[in-house]
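Visitor: Data file target-v7.cif (mmCIF, C-alpha atoms) is appended below.
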data_upload
loop_
_atom_site.label_atom_id
_atom_site.label_comp_id
_atom_site.auth_asym_id
_atom_site.auth_seq_id
_atom_site.Cartn_x
_atom_site.Cartn_y
_atom_site.Cartn_z
CA MET A 1 102.28 112.74 85.44
CA THR A 2 104.01 116.08 85.70
CA ARG A 3 107.72 116.03 84.92
CA LEU A 4 109.68 116.88 88.07
CA SER A 5 113.09 118.44 88.23
CA ALA A 6 115.56 115.79 89.45
CA ASP A 7 117.75 118.27 91.30
CA SER A 8 115.18 119.62 93.76
CA ARG A 9 112.64 118.53 96.34
CA HIS A 10 108.94 118.80 95.61
CA ALA A 11 105.91 119.21 97.85
CA ILE A 12 103.75 116.10 98.07
CA ARG A 13 100.23 116.66 99.40
CA PHE A 14 97.91 113.73 100.11
CA THR A 15 95.56 112.27 102.69
CA LEU A 16 97.12 109.87 105.19
CA ASN A 17 94.74 107.75 107.24
CA GLY A 18 91.98 110.31 106.79
CA ARG A 19 94.05 113.40 107.58
CA PRO A 20 95.79 115.88 105.28
CA ALA A 21 99.54 115.34 105.04
CA ASP A 22 102.34 116.99 103.17
CA ALA A 23 106.11 116.94 103.01
CA GLU A 24 108.84 117.37 100.48
CA ALA A 25 110.54 114.60 98.54
CA GLU A 26 113.07 114.20 95.80
CA PRO A 27 111.53 112.79 92.60
CA ARG A 28 113.24 109.40 93.04
CA MET A 29 112.35 108.93 96.72
CA LEU A 30 110.43 105.73 97.34
CA LEU A 31 107.08 105.99 99.07
CA SER A 32 108.21 103.60 101.81
CA ASP A 33 111.15 105.87 102.67
CA PHE A 34 108.97 108.98 102.38
CA LEU A 35 106.37 107.60 104.78
CA ARG A 36 108.96 106.46 107.31
CA HIS A 37 111.49 109.29 107.17
CA GLN A 38 109.58 112.37 106.00
CA ILE A 39 106.14 111.69 107.51
CA GLY A 40 107.07 109.53 110.51
CA ALA A 41 104.68 106.67 109.66
CA THR A 42 107.15 103.99 110.73
CA GLY A 43 104.61 101.16 110.80
CA THR A 44 105.28 100.61 107.10
CA HIS A 45 108.26 98.26 107.01
CA VAL A 46 110.81 97.74 104.26
CA GLY A 47 112.01 94.19 103.75
CA CYS A 48 113.16 93.09 100.33
CA GLU A 49 112.82 96.38 98.40
CA HIS A 50 111.68 94.31 95.41
CA GLY A 51 107.95 94.08 96.18
CA VAL A 52 108.19 90.38 97.00
CA CYS A 53 107.94 90.17 100.80
CA GLY A 54 104.85 92.36 101.27
CA ALA A 55 106.08 94.08 104.46
CA CYS A 56 105.64 97.51 102.86
CA THR A 57 102.03 96.95 101.72
CA ILE A 58 99.72 99.93 102.11
CA VAL A 59 96.51 101.08 100.40
CA VAL A 60 96.59 103.94 97.88
CA ASP A 61 93.26 105.14 96.51
CA GLY A 62 91.64 101.85 97.45
CA SER A 63 94.29 99.59 95.90
CA LEU A 64 96.89 97.48 97.67
CA THR A 65 100.28 98.98 96.89
CA ARG A 66 103.86 97.96 97.56
CA SER A 67 105.29 101.21 98.86
CA CYS A 68 108.85 100.08 98.09
CA LEU A 69 107.96 100.04 94.38
CA THR A 70 106.10 103.35 94.35
CA LEU A 71 107.60 106.82 94.18
CA ALA A 72 106.49 109.35 96.79
CA ALA A 73 105.56 111.80 94.03
CA GLN A 74 102.99 109.30 92.75
CA VAL A 75 100.73 109.80 95.78
CA GLU A 76 100.21 113.51 95.15
CA GLY A 77 96.50 114.09 95.78
CA CYS A 78 95.87 110.45 96.74
CA ASP A 79 94.22 108.81 99.72
CA VAL A 80 96.84 106.70 101.52
CA ARG A 81 96.15 104.20 104.32
CA THR A 82 98.88 102.66 106.43
CA VAL A 83 98.84 100.30 109.39
CA GLU A 84 98.67 103.32 111.71
CA GLY A 85 95.17 103.95 110.35
CA LEU A 86 93.74 100.57 111.33
CA ALA A 87 93.11 101.42 114.97
CA PRO A 88 89.99 103.50 115.66
CA SER A 89 91.92 105.55 118.21
CA ALA A 90 95.36 105.73 119.81
CA ASP A 91 94.21 103.69 122.81
CA GLN A 92 92.07 101.10 120.99
CA LEU A 93 92.97 98.35 118.52
CA GLY A 94 90.89 97.48 115.48
CA VAL A 95 89.05 94.16 115.08
CA LEU A 96 91.83 92.57 113.02
CA GLN A 97 94.56 93.82 115.36
CA ARG A 98 92.73 92.41 118.39
CA ALA A 99 92.34 89.05 116.66
CA PHE A 100 96.06 89.00 115.89
CA ARG A 101 96.85 89.67 119.53
CA ARG A 102 94.44 86.99 120.80
CA ASN A 103 95.85 84.39 118.41
CA HIS A 104 99.53 85.24 118.87
CA ALA A 105 99.75 86.05 115.16
CA LEU A 106 102.23 88.88 115.65
CA GLN A 107 105.44 86.84 116.04
CA CYS A 108 108.38 89.24 115.53
CA GLY A 109 106.05 91.81 113.96
CA PHE A 110 108.16 92.67 110.93
CA CYS A 111 105.74 91.34 108.30
CA THR A 112 102.66 92.10 110.38
CA ALA A 113 101.94 95.61 109.08
CA GLY A 114 101.79 94.51 105.46
CA ILE A 115 99.74 91.43 106.27
CA LEU A 116 97.29 93.48 108.32
CA MET A 117 96.87 95.96 105.47
CA SER A 118 96.20 93.20 102.93
CA LEU A 119 93.76 91.42 105.23
CA ASP A 120 91.96 94.63 106.18
CA HIS A 121 91.57 95.53 102.51
CA TYR A 122 90.36 92.03 101.62
CA LEU A 123 87.95 91.66 104.54
CA ARG A 124 86.18 94.91 103.66
CA ASP A 125 84.66 93.15 100.64
CA HIS A 126 84.85 89.49 101.68
CA ARG A 127 83.07 88.99 105.00
CA ALA A 128 83.05 85.18 104.90
CA PRO A 129 86.39 84.05 103.49
CA SER A 130 87.47 80.43 103.58
CA GLU A 131 90.81 79.28 104.93
CA SER A 132 91.85 78.75 101.30
CA ASP A 133 90.95 82.36 100.46
CA ILE A 134 93.10 83.64 103.31
CA ARG A 135 95.99 81.35 102.36
CA ASP A 136 95.80 82.63 98.79
CA LEU A 137 95.89 86.25 99.97
CA LEU A 138 98.83 85.54 102.26
CA SER A 139 100.80 83.96 99.42
CA GLY A 140 101.89 87.51 98.58
CA HIS A 141 103.58 87.91 101.97
CA LEU A 142 106.67 86.35 103.48
CA CYS A 143 106.71 85.63 107.19
CA ARG A 144 109.89 84.04 108.42
CA CYS A 145 108.69 83.33 111.98
CA THR A 146 105.60 81.18 111.56
CA GLY A 147 103.79 78.60 109.50
CA TYR A 148 100.98 81.13 109.06
CA THR A 149 98.57 79.03 111.14
CA SER A 150 98.01 81.69 113.81
CA ILE A 151 97.71 84.43 111.18
CA ILE A 152 95.06 82.46 109.29
CA GLN A 153 93.16 81.76 112.50
CA ALA A 154 93.26 85.43 113.46
CA ALA A 155 92.02 86.46 110.00
CA LEU A 156 89.12 83.98 110.10
CA GLU A 157 88.20 85.09 113.62
CA ALA A 158 88.27 88.76 112.59
CA ALA A 159 86.18 88.01 109.50
CA ALA A 160 83.54 86.30 111.65
CA GLU A 161 83.49 89.24 114.07
CA LEU A 162 83.22 91.76 111.21
CA ALA A 163 80.42 89.75 109.59
CA GLU A 164 78.50 89.66 112.89
CA THR A 165 78.98 93.41 113.36
CA THR A 166 77.71 94.03 109.82
CA LYS A 167 74.71 91.76 110.42
CA GLU A 168 73.87 93.56 113.69
CA ASN A 169 74.08 96.94 111.96
CA THR A 170 71.82 95.90 109.07
CA ASP A 171 69.26 94.20 111.33
CA ALA A 172 68.91 97.27 113.55
#
Before we go any further, please render this structure as structure tokens.

Guide:
Amino acid sequence: MTRLSADSRHAIRFTLNGRPADAEAEPRMLLSDFLRHQIGATGTHVGCEHGVCGACTIVVDGSLTRSCLTLAAQVEGCDVRTVEGLAPSADQLGVLQRAFRRNHALQCGFCTAGILMSLDHYLRDHRAPSESDIRDLLSGHLCRCTGYTSIIQAALEAAAELAETTKENTDA
């Protein structure tokens, strides 16, 4: 990684949810703060600032990433996905988001963005997860409002819908 001068701001250029993005950041600025305050992507939440709660989870170059443990400068040239990128359009929710709404899995909504990002990432490669698989994935997230039952149900429902959509597309 290029050594950055600590006393100045630096341009960070990357792709955010499929679109080019750029802003300036100090070398020590956390990615979570950069996304929220410099870019305006406020769906990424900051909870514990230790990488434990999972609220700040995003995807960077195809890998789940805790944005509170990542420096903004580290995403230079990267592909970044946040919860804002899950919906196909501004007036339409994605499959997982609709399942969360139907199953009342949103609760207060604080942890939801990180959970949605982890589930979306997981379900892309695992179209038929078991309840145990989902519980294991969610063990990296803290939700203080629920026993996770509605979140697990929403995830399983979304997985079934995604699997059916995939089957319909391959049978066509």

Visitor: Taking 5 positions as the minimum chain separation for residues in the same chain, which residues sit within 12 Å of A:Gly40 when counting all atoms listed in the file? Answer as a PDB file with C-alpha atoms, in the coordinates of the input.

Guide:
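Generated file (around-v2.pdb):
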ATOM      1  CA  LEU A  16      97.120 109.870 105.190  1.00  0.00           C
ATOM      2  CA  ALA A  21      99.540 115.340 105.040  1.00  0.00           C
ATOM      3  CA  ASP A  22     102.340 116.990 103.170  1.00  0.00           C
ATOM      4  CA  ALA A  23     106.110 116.940 103.010  1.00  0.00           C
ATOM      5  CA  LEU A  31     107.080 105.990  99.070  1.00  0.00           C
ATOM      6  CA  SER A  32     108.210 103.600 101.810  1.00  0.00           C
ATOM      7  CA  ASP A  33     111.150 105.870 102.670  1.00  0.00           C
ATOM      8  CA  PHE A  34     108.970 108.980 102.380  1.00  0.00           C
ATOM      9  CA  LEU A  35     106.370 107.600 104.780  1.00  0.00           C
ATOM     10  CA  HIS A  45     108.260  98.260 107.010  1.00  0.00           C
ATOM     11  CA  THR A  82      98.880 102.660 106.430  1.00  0.00           C
ATOM     12  CA  GLU A  84      98.670 103.320 111.710  1.00  0.00           C
TER      13      GLU A  84
END

Visitor: Step by step, work through what the PyMOL selection byres ((chain A and resi 135-147) around 8) selects in the shown file, and finish by giving those residues as number ranges by chain.

Guide: A: 52-55, 107-108, 111, 114-115, 118-119, 131-134, 148-150, 152

Visitor: I need the output of the PyMOL selection byres ((chain A and resi 72) around 6) for this file as a short mmCIF file (atom, residue, chain, number, x, y, z; two decimals) with C-alpha atoms, keeping the file's coordinate frame; which residues are they?

Guide:
data_model
loop_
_atom_site.label_atom_id
_atom_site.label_comp_id
_atom_site.auth_asym_id
_atom_site.auth_seq_id
_atom_site.Cartn_x
_atom_site.Cartn_y
_atom_site.Cartn_z
CA MET A 29 112.35 108.93 96.72
CA LEU A 30 110.43 105.73 97.34
CA LEU A 31 107.08 105.99 99.07
CA LEU A 71 107.60 106.82 94.18
CA ALA A 73 105.56 111.80 94.03
CA GLN A 74 102.99 109.30 92.75
CA VAL A 75 100.73 109.80 95.78
#

Visitor: Quick one: pull the distance between atom CA of A:Gly85 and atom CA of A:Gly18, Å, one decimal.

Guide: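 Calculated distance between atom CA of A:Gly85 and atom CA of A:Gly18 is 8.0 Å.
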
Visitor: What does the distance between atom CA of A:Ala163 and atom CA of A:Arg98 come to in Å, to one decimal place?

Guide: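 Between atom CA of A:Ala163 and atom CA of A:Arg98 the gap is 15.4 Å.
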
Visitor: Looking at all atoms listed in the file, which of A:Ala113, A:Gln92, A:Ala160, A:Ile12 is the one that sits closest to A:Cys56?

Guide: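 Of the candidates, the smallest distance to A:Cys56 is held by A:Ala113.
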
Visitor: Env of A:Ala158: 8 Å cut, atoms = only C-alpha atoms, seq-sep filter 3 positions within chain, self excluded. Answer as a list in words.

Guide: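 Non-adjacent residues within range: Val95, Leu96, Ala99, Ala154, Ala155, Glu161 and Leu162 of chain A.
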
Visitor: For the structure shown, which residues end up in the PyMOL selection byres ((chain A and resi 17) around 12)? Put them as JSON, numbers by chain, please?

Guide: {"A": [14, 15, 16, 18, 19, 20, 21, 35, 41, 58, 59, 60, 61, 62, 78, 79, 80, 81, 82, 83, 84, 85, 86, 87, 88, 89]}

Visitor: Can you work out which one of A:Asn103, A:Gln38, A:Thr112, A:Ser63 has the shortest atom-to-atom distance to A:Glu157, counting only C-alpha atoms?

Guide: A:Asn103
